[in-house]
Amino acid sequence: MQGAGGGEWVPGLLTEWRQGPDRRWSGVATCVVDGEQTTGVEDEAELRPA
């Protein structure tokens, strides 16, 4: 996932996959940004391998 403000990529834990009505996948990921745990949904095109 990208950090706050679209900054550098931070490692995260992918916890769930969701498929939308447009048949695209989104991943629910949790990461720590600036000392705070954050959960977000990222489109398949935005996710990067570890």
# chains A, B, ... in the order shown; residues from 1 in each chain; ligands from 1
>>> select_by_dssp(residues="chain A", states="strand (DSSP E)", output="PyMOL selection string")
chain A and resi 12-19+25-33+36-43
>>> atom_distance(atom1="CA of Trp17 in chain A", atom2="CA of Pro49 in chain A")
14.4 Å
>>> select_by_dssp(residues="chain A", states="helix (DSSP H, G or I)", output="compact mmCIF listing (two decimals) with C-alpha atoms, in the first residue's frame")
# COMPACT_ATOMS: atom_id res chain seq x y z
CA ALA A 4 -0.51 8.77 3.44
CA GLY A 5 -0.64 11.30 0.65
CA GLY A 6 0.44 8.72 -1.95
CA GLU A 44 -5.76 -4.91 -8.30
CA ALA A 45 -3.70 -2.57 -10.49
CA GLU A 46 -2.38 -0.75 -7.41
>>> residues_around(residues="Gly12 in chain A", least_positions_apart="3", cutoff="12 Å", atoms="only C-alpha atoms", output="VMD selection string")
chain A and resid 1 to 3 9 15 27 to 33 37 to 42 47 to 50
>>> write_last_selection(atoms="C-alpha atoms", output="mmCIF file, in the first residue's frame")
data_model
loop_
_atom_site.group_PDB
_atom_site.id
_atom_site.type_symbol
_atom_site.label_atom_id
_atom_site.label_comp_id
_atom_site.auth_asym_id
_atom_site.auth_seq_id
_atom_site.Cartn_x
_atom_site.Cartn_y
_atom_site.Cartn_z
ATOM 1 C CA MET A 1 0.000 0.000 0.000
ATOM 2 C CA GLN A 2 1.057 3.558 -0.465
ATOM 3 C CA GLY A 3 1.535 5.704 2.597
ATOM 4 C CA TRP A 9 5.142 2.126 -0.608
ATOM 5 C CA THR A 15 -6.434 -9.783 4.450
ATOM 6 C CA GLY A 27 -7.551 -6.186 -1.968
ATOM 7 C CA VAL A 28 -8.193 -5.186 1.629
ATOM 8 C CA ALA A 29 -4.799 -4.537 3.215
ATOM 9 C CA THR A 30 -3.600 -3.418 6.636
ATOM 10 C CA CYS A 31 -0.331 -1.594 7.233
ATOM 11 C CA VAL A 32 1.343 0.768 9.693
ATOM 12 C CA VAL A 33 1.812 4.357 8.493
ATOM 13 C CA GLN A 37 -2.474 0.991 11.856
ATOM 14 C CA THR A 38 -4.377 1.709 8.651
ATOM 15 C CA THR A 39 -6.727 -0.480 6.624
ATOM 16 C CA GLY A 40 -7.523 0.342 3.029
ATOM 17 C CA VAL A 41 -8.941 -1.098 -0.162
ATOM 18 C CA GLU A 42 -6.657 -1.089 -3.202
ATOM 19 C CA LEU A 47 -1.213 -3.821 -5.482
ATOM 20 C CA ARG A 48 2.403 -4.880 -5.789
ATOM 21 C CA PRO A 49 4.040 -8.210 -4.890
ATOM 22 C CA ALA A 50 6.113 -8.436 -1.729
#
